[in-house]
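*Asks:* The file below is run_22.cif, mmCIF, C-alpha atoms:
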data_input
loop_
_atom_site.label_atom_id
_atom_site.label_comp_id
_atom_site.auth_asym_id
_atom_site.auth_seq_id
_atom_site.Cartn_x
_atom_site.Cartn_y
_atom_site.Cartn_z
CA LYS A 22 0.00 0.00 0.00
CA ASN A 23 1.46 3.35 -0.87
CA SER A 24 0.79 6.69 0.73
CA MET A 25 0.13 9.75 -1.35
CA LEU A 26 -1.33 13.20 -0.87
CA ARG A 27 -1.39 15.40 -3.91
CA LEU A 28 -1.54 19.06 -4.85
CA THR A 29 -1.51 20.57 -8.29
CA ALA A 30 -1.36 24.34 -8.58
CA VAL A 31 -2.00 26.46 -11.66
CA GLY A 32 -2.52 30.12 -12.43
CA HIS A 33 -6.13 30.58 -13.57
CA GLY A 34 -9.03 28.59 -14.98
CA SER A 35 -11.01 25.61 -13.80
CA ALA A 36 -8.61 23.22 -12.11
CA ARG A 37 -9.47 19.61 -11.43
CA VAL A 38 -6.92 19.06 -8.70
CA ALA A 39 -5.86 22.26 -6.98
CA GLU A 40 -5.59 25.77 -8.23
CA VAL A 41 -3.89 28.86 -6.94
CA THR A 42 -5.06 32.24 -8.21
CA PHE A 43 -4.60 35.73 -6.83
CA SER A 44 -6.60 38.92 -7.20
CA ASP A 45 -3.75 41.20 -8.20
CA GLY A 46 -1.08 38.95 -9.67
CA PHE A 47 1.37 38.93 -6.77
CA ILE A 48 2.44 35.34 -7.33
CA THR A 49 5.32 34.26 -9.56
CA ASN A 50 4.78 31.34 -11.94
CA GLY A 51 1.47 30.21 -10.47
CA GLY A 52 0.96 27.83 -13.40
CA PHE A 53 4.40 26.16 -13.13
CA GLU A 54 4.91 26.60 -16.87
CA ASN A 55 8.42 27.83 -15.99
CA GLY A 56 9.27 24.89 -13.76
CA TYR A 57 10.10 25.83 -10.19
CA GLN A 58 10.76 29.50 -10.96
CA GLY A 59 9.53 31.59 -8.02
CA TRP A 60 8.98 28.57 -5.78
CA SER A 61 11.16 26.90 -3.14
CA VAL A 62 11.06 23.30 -1.96
CA ALA A 63 12.19 21.81 1.37
CA GLN A 64 11.85 18.12 2.06
CA SER A 65 13.06 15.21 4.10
CA VAL A 66 15.91 13.12 2.76
CA GLY A 67 15.22 9.45 2.31
CA PRO A 68 15.13 6.51 -0.08
CA PHE A 69 11.63 7.08 -1.44
CA GLY A 70 12.10 10.08 -3.76
CA ASN A 71 9.22 11.95 -2.11
CA SER A 72 9.07 15.55 -3.29
CA TRP A 73 7.17 18.16 -5.26
CA TYR A 74 7.40 17.61 -8.99
CA VAL A 75 6.57 19.76 -11.99
CA TYR A 76 4.85 17.30 -14.30
CA THR A 77 2.96 16.77 -17.52
CA GLY A 78 0.74 13.82 -18.32
CA ALA A 79 -1.46 11.90 -15.91
CA VAL A 80 0.81 9.54 -13.94
CA GLY A 81 2.49 10.27 -10.59
CA PRO A 82 6.24 10.55 -11.23
CA ILE A 83 7.19 8.44 -8.18
CA SER A 84 4.15 6.37 -7.23
CA GLY A 85 2.98 5.58 -10.77
CA GLN A 86 -0.58 6.25 -9.55
CA PRO A 87 -3.04 7.83 -11.99
CA ILE A 88 -3.29 11.59 -11.42
CA SER A 89 -5.15 14.35 -13.21
CA ALA A 90 -3.43 15.93 -16.17
CA PRO A 91 -2.48 19.58 -15.66
CA PRO A 92 -5.80 21.42 -15.57
CA GLU A 93 -4.46 24.35 -17.58
CA GLY A 94 -1.41 24.77 -19.73
CA THR A 95 1.04 21.91 -20.05
CA HIS A 96 2.62 21.75 -16.58
CA ALA A 97 1.47 21.50 -12.97
CA MET A 98 2.94 20.62 -9.56
CA VAL A 99 2.35 17.39 -7.67
CA SER A 100 3.54 16.07 -4.31
CA ASP A 101 4.05 12.35 -4.78
CA HIS A 102 5.13 9.65 -2.28
CA ILE A 103 5.76 5.96 -1.86
CA GLY A 104 6.98 6.19 1.73
CA GLY A 105 7.36 8.43 4.76
CA GLY A 106 8.60 12.00 4.64
CA PHE A 107 7.65 15.68 4.56
CA GLN A 108 7.51 18.14 1.69
CA PHE A 109 7.08 21.92 1.73
CA LEU A 110 6.41 24.06 -1.33
CA TYR A 111 6.51 27.78 -0.64
CA GLN A 112 6.75 31.28 -2.02
CA ASP A 113 7.07 34.69 -0.39
CA LEU A 114 4.25 37.04 -1.35
CA ILE A 115 4.61 40.80 -1.28
CA LEU A 116 1.16 42.10 -0.41
CA GLU A 117 1.12 45.76 -1.34
CA SER A 118 -0.76 48.32 0.70
CA GLY A 119 -3.98 49.61 -0.78
CA TYR A 120 -4.94 46.34 -2.49
CA THR A 121 -7.46 43.66 -1.72
CA HIS A 122 -5.57 40.38 -1.63
CA THR A 123 -7.50 37.16 -2.14
CA LEU A 124 -6.07 33.66 -2.28
CA LYS A 125 -8.23 31.14 -4.12
CA PHE A 126 -7.40 27.55 -4.84
CA LYS A 127 -9.15 24.27 -5.47
CA VAL A 128 -7.80 21.41 -3.43
CA TYR A 129 -8.06 17.74 -4.21
CA TYR A 130 -6.20 14.94 -2.47
CA GLN A 131 -5.86 11.17 -2.33
CA ASN A 132 -4.65 9.66 0.92
CA HIS A 133 -3.82 5.95 0.58
CA ALA A 134 -3.02 5.49 4.27
CA THR A 135 -5.55 4.36 6.89
CA GLY A 136 -6.55 7.94 7.74
CA PHE A 137 -5.27 11.32 8.83
CA PHE A 138 -3.20 11.99 11.93
CA THR A 139 -2.68 15.68 12.62
CA PRO A 140 -0.44 16.42 15.59
CA LEU A 141 0.79 19.98 16.03
CA SER A 142 3.96 19.12 14.11
CA LEU A 143 5.11 18.74 10.53
CA ALA A 144 7.83 16.22 11.39
CA ALA A 145 7.74 12.86 9.66
CA ALA A 146 7.76 10.98 12.96
CA GLY A 147 5.18 8.93 14.80
CA ASN A 148 1.67 9.00 13.40
CA ASN A 149 1.56 12.12 11.25
CA GLN A 150 -0.44 12.13 8.01
CA GLN A 151 -1.61 15.57 6.97
CA TYR A 152 -1.87 18.13 4.22
CA ARG A 153 -2.19 21.84 4.96
CA VAL A 154 -1.91 25.25 3.37
CA ASP A 155 -0.68 28.06 5.60
CA ILE A 156 0.26 31.70 5.52
CA ILE A 157 3.27 32.02 7.82
CA LYS A 158 5.65 34.76 8.90
CA MET A 159 8.66 35.11 6.62
CA ASN A 160 11.20 34.67 9.42
CA SER A 161 9.53 31.53 10.81
CA PRO A 162 11.10 28.10 10.37
CA ILE A 163 9.53 26.50 7.30
CA GLU A 164 8.28 23.56 9.38
CA SER A 165 6.73 25.63 12.17
CA VAL A 166 3.08 25.29 13.12
CA ALA A 167 3.47 27.40 16.26
CA PRO A 168 0.57 29.83 16.71
CA ALA A 169 3.06 32.71 16.82
CA ASP A 170 4.33 31.77 13.33
CA VAL A 171 1.14 30.75 11.50
CA LEU A 172 -0.88 33.78 10.43
CA ALA A 173 -3.69 31.88 8.68
CA THR A 174 -4.52 28.32 7.64
CA PRO A 175 -6.83 28.37 4.61
CA PHE A 176 -6.90 24.57 4.41
CA LYS A 177 -5.87 21.55 6.44
CA THR A 178 -6.87 17.95 6.83
CA SER A 179 -8.17 16.70 10.17
CA VAL A 180 -8.62 13.36 11.89
CA GLY A 181 -11.77 11.76 10.52
CA ASP A 182 -11.64 13.50 7.13
CA PRO A 183 -12.33 11.23 4.15
CA ASN A 184 -9.28 9.77 2.42
CA SER A 185 -10.14 11.52 -0.81
CA LEU A 186 -11.59 14.92 -1.53
CA PRO A 187 -13.11 16.02 -4.84
CA PRO A 188 -12.02 19.41 -6.18
CA THR A 189 -13.08 21.92 -3.55
CA LEU A 190 -12.70 25.70 -3.79
CA VAL A 191 -10.95 27.37 -0.87
CA THR A 192 -10.89 31.17 -0.55
CA ALA A 193 -8.84 33.18 1.94
CA ASP A 194 -8.86 36.93 2.38
CA LEU A 195 -5.26 38.09 2.86
CA THR A 196 -6.10 41.80 2.85
CA ARG A 197 -5.32 42.11 6.58
CA PHE A 198 -1.67 41.40 5.68
CA ALA A 199 -1.49 44.21 3.09
CA GLY A 200 1.76 46.12 3.42
CA PHE A 201 3.69 43.02 4.50
CA THR A 202 5.50 40.12 2.90
CA VAL A 203 4.18 36.74 3.99
CA ARG A 204 5.04 33.16 3.07
CA LEU A 205 2.54 30.86 1.37
CA ARG A 206 3.34 27.26 2.36
CA PHE A 207 1.91 23.99 1.08
CA ALA A 208 2.88 21.18 3.47
CA VAL A 209 2.46 17.43 3.12
CA VAL A 210 3.55 14.94 5.79
CA VAL A 211 3.38 11.19 5.31
CA THR A 212 4.60 8.63 7.86
CA GLU A 213 5.11 4.97 7.22
CA GLN A 214 3.67 4.03 10.61
CA VAL A 215 0.11 4.60 9.42
CA LEU A 216 0.35 2.43 6.31
#
Will you turn the file into structure tokens for me?

*Replies:*
Amino acid sequence: KNSMLRLTAVGHGSARVAEVTFSDGFITNGGFENGYQGWSVAQSVGPFGNSWYVYTGAVGPISGQPISAPPEGTHAMVSDHIGGGFQFLYQDLILESGYTHTLKFKVYYQNHATGFFTPLSLAAAGNNQQYRVDIIKMNSPIESVAPADVLATPFKTSVGDPNSLPPTLVTADLTRFAGFTVRLRFAVVVTEQVL
């Protein structure tokens, strides 16, 4: 049994997996047509090749599981796993004063483990199986979920959530952070213990 949570992010349009769009264009390469340009990745090191991947087609690059083709353009981003680990995909967003800033994305996931385990940690240790999207302070450690570091959490899985979610629109008003630079973080944690 493999374990996979998945995110695909694109610029605009109707996404089937997950979509990231912004009201005033403050994101770089939201459609991943230019590879990783504008995005940073942090991940655990291990034998499974777990990471975020820019992909084309409709097959997970590591798991070989069927996935949705990029919903717009020719490329998208996927977090793919066959074993335990953590993956963070993030970008710093400059939210200019005087603008309304809205984050919209459609999220879709497939969790092939027995369920979700959501401790207040993003470490790949113990029972920890979660997927979350956060707005965090720029100077915070990328793995932090401390209340002092997390400014907003537009989406996260919880214990008892179904193991798959059809495309679901999530909207977050970021206007209260206008005048600041914040970090948008997509985080996936998969532990082997729950397989």

*Asks:* For the interface of region 133-153 of chain A with region 190-214 of chain A (cut-off 7 Å, counting all atoms listed in the file), please tabulate each contacting residue of region 133-153 of chain A alongside its nearest pair of atoms and their separation in Å to one decimal, rows sorted by chain and increasing number, as a Markdown table.

*Replies:*
| residue | atom | partner | partner_atom | distance |
| --- | --- | --- | --- | --- |
| A:Leu143 | CA | A:Val210 | CA | 6.3 |
| A:Ala145 | CA | A:Thr212 | CA | 5.6 |
| A:Ala146 | CA | A:Thr212 | CA | 6.4 |
| A:Gly147 | CA | A:Gln214 | CA | 6.6 |
| A:Asn148 | CA | A:Gln214 | CA | 6.0 |
| A:Asn149 | CA | A:Thr212 | CA | 5.7 |
| A:Gln150 | CA | A:Val211 | CA | 4.8 |
| A:Gln151 | CA | A:Val210 | CA | 5.3 |
| A:Tyr152 | CA | A:Val209 | CA | 4.5 |
| A:Arg153 | CA | A:Ala208 | CA | 5.3 |

*Asks:* Any chance you could resolve the PyMOL selection byres ((chain A and resi 77) around 10) against this file and give the residues as a short mmCIF file (atom, residue, chain, number, x, y, z; two decimals) with C-alpha atoms, in the coordinates of the input?

*Replies:*
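Once written, selection.cif looks like this:
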data_model
loop_
_atom_site.label_atom_id
_atom_site.label_comp_id
_atom_site.auth_asym_id
_atom_site.auth_seq_id
_atom_site.Cartn_x
_atom_site.Cartn_y
_atom_site.Cartn_z
CA TYR A 74 7.40 17.61 -8.99
CA VAL A 75 6.57 19.76 -11.99
CA TYR A 76 4.85 17.30 -14.30
CA GLY A 78 0.74 13.82 -18.32
CA ALA A 79 -1.46 11.90 -15.91
CA VAL A 80 0.81 9.54 -13.94
CA GLY A 81 2.49 10.27 -10.59
CA PRO A 82 6.24 10.55 -11.23
CA SER A 89 -5.15 14.35 -13.21
CA ALA A 90 -3.43 15.93 -16.17
CA PRO A 91 -2.48 19.58 -15.66
CA GLY A 94 -1.41 24.77 -19.73
CA THR A 95 1.04 21.91 -20.05
CA HIS A 96 2.62 21.75 -16.58
CA ALA A 97 1.47 21.50 -12.97
CA MET A 98 2.94 20.62 -9.56
CA VAL A 99 2.35 17.39 -7.67
#

*Asks:* Given the choices A:Ser185, A:Gly106, A:Glu54, A:Ser165, which gets closest to Leu141 (chain A) if the distance is worked out from all atoms listed in the file?

*Replies:*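 Nearest to Leu141 (chain A): A:Ser165.
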
*Asks:* By how many Å are CA of Met159 (chain A) and CA of Phe107 (chain A) apart?

*Replies:*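 Straight-line distance from CA of Met159 (chain A) to CA of Phe107 (chain A) works out to 19.6 Å.
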
*Asks:* Name the closest residue to Val154 (chain A) among the candidates A:Ile48, A:Ala134, A:Leu124, A:Ile115; distances are taken between atoms, counting all atoms listed in the file.

*Replies:*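 Closest residue, counting all atoms listed in the file: A:Leu124.
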
*Asks:* So what do you get for CA of Asn55 (chain A) versus CA of Ile163 (chain A), distance-wise?

*Replies:*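 Computing it gives 23.4 Å between the two atoms.
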
*Asks:* Just how far from CA of Gly56 (chain A) is CA of Val171 (chain A), in Å to one decimal?

*Replies:*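 Going from CA of Val171 (chain A) over to CA of Gly56 (chain A) covers 27.2 Å.
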
*Asks:* Expand the PyMOL selection byres ((chain A and resi 61) around 12) into the explicit residue set it covers here, and present it as a PyMOL selection string.

*Replies:* chain A and resi 49-50+56-60+62-64+72-74+108-113+163+204-207

*Asks:* First collect every listed atom of region 194-209 of chain A; then fit an axis-aligned box around them, widen it by 8 Å on each side, and give centre and edge lengths in Å to one decimal, as AutoDock Vina command-line options.

*Replies:*
--center_x -1.7 --center_y 31.8 --center_z 3.8 --size_x 30.4 --size_y 44.7 --size_z 21.5

*Asks:* Considering only C-alpha atoms, state which residue in the set A:Glu117, A:Thr139, A:Gln86, A:Thr123 is at the smallest distance from Gly181 (chain A).

*Replies:*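 For Gly181 (chain A), the nearest of the candidates is A:Thr139.
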
*Asks:* From the options A:Pro175, A:Asn71, A:Ser65, A:Ala169, which residue's atoms come nearest to Ala144 (chain A), counting all atoms listed in the file?

*Replies:*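 Of all the options, A:Ser65 lies closest to Ala144 (chain A).
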
*Asks:* For region 71-87 of chain A, supply N, CA, C and O atoms and report the output as a short mmCIF file (atom, residue, chain, number, x, y, z; two decimals), in the frame of the given file.

*Replies:*
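Resulting contents of rebuild18.cif:
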data_model
loop_
_atom_site.label_atom_id
_atom_site.label_comp_id
_atom_site.auth_asym_id
_atom_site.auth_seq_id
_atom_site.Cartn_x
_atom_site.Cartn_y
_atom_site.Cartn_z
N ASN A 71 10.37 11.10 -2.36
CA ASN A 71 9.22 11.95 -2.11
C ASN A 71 9.60 13.41 -2.32
O ASN A 71 10.61 13.87 -1.81
N SER A 72 8.79 14.13 -3.06
CA SER A 72 9.07 15.55 -3.29
C SER A 72 7.89 16.18 -4.01
O SER A 72 6.87 15.56 -4.24
N TRP A 73 8.08 17.44 -4.36
CA TRP A 73 7.17 18.16 -5.26
C TRP A 73 7.77 18.06 -6.65
O TRP A 73 8.97 18.22 -6.83
N TYR A 74 6.94 17.79 -7.62
CA TYR A 74 7.40 17.61 -8.99
C TYR A 74 6.57 18.45 -9.94
O TYR A 74 5.34 18.45 -9.87
N VAL A 75 7.25 19.14 -10.86
CA VAL A 75 6.57 19.76 -11.99
C VAL A 75 6.36 18.62 -12.99
O VAL A 75 7.30 17.88 -13.30
N TYR A 76 5.13 18.45 -13.44
CA TYR A 76 4.85 17.30 -14.30
C TYR A 76 3.95 17.67 -15.46
O TYR A 76 3.30 18.71 -15.48
N THR A 77 3.93 16.77 -16.43
CA THR A 77 2.96 16.77 -17.52
C THR A 77 2.38 15.36 -17.54
O THR A 77 2.88 14.46 -16.88
N GLY A 78 1.32 15.16 -18.26
CA GLY A 78 0.74 13.82 -18.32
C GLY A 78 -0.22 13.55 -17.19
O GLY A 78 -0.75 14.48 -16.57
N ALA A 79 -0.45 12.27 -16.89
CA ALA A 79 -1.46 11.90 -15.91
C ALA A 79 -1.04 10.71 -15.06
O ALA A 79 -1.86 9.90 -14.65
N VAL A 80 0.28 10.62 -14.78
CA VAL A 80 0.81 9.54 -13.94
C VAL A 80 1.75 10.15 -12.92
O VAL A 80 2.61 10.98 -13.26
N GLY A 81 1.60 9.78 -11.64
CA GLY A 81 2.49 10.27 -10.59
C GLY A 81 3.93 9.88 -10.90
O GLY A 81 4.20 8.73 -11.22
N PRO A 82 4.86 10.83 -10.84
CA PRO A 82 6.24 10.55 -11.23
C PRO A 82 6.96 9.56 -10.34
O PRO A 82 7.90 8.90 -10.78
N ILE A 83 6.55 9.37 -9.10
CA ILE A 83 7.19 8.44 -8.18
C ILE A 83 6.30 7.22 -7.94
O ILE A 83 6.73 6.08 -8.04
N SER A 84 5.05 7.47 -7.60
CA SER A 84 4.15 6.37 -7.23
C SER A 84 3.63 5.59 -8.43
O SER A 84 3.23 4.44 -8.28
N GLY A 85 3.58 6.22 -9.61
CA GLY A 85 2.98 5.58 -10.77
C GLY A 85 1.46 5.54 -10.71
O GLY A 85 0.81 4.96 -11.58
N GLN A 86 0.88 6.19 -9.69
CA GLN A 86 -0.58 6.25 -9.55
C GLN A 86 -1.17 7.19 -10.61
O GLN A 86 -0.55 8.17 -10.99
N PRO A 87 -2.38 6.89 -11.08
CA PRO A 87 -3.04 7.83 -11.99
C PRO A 87 -3.29 9.16 -11.28
O PRO A 87 -3.73 9.18 -10.13
#
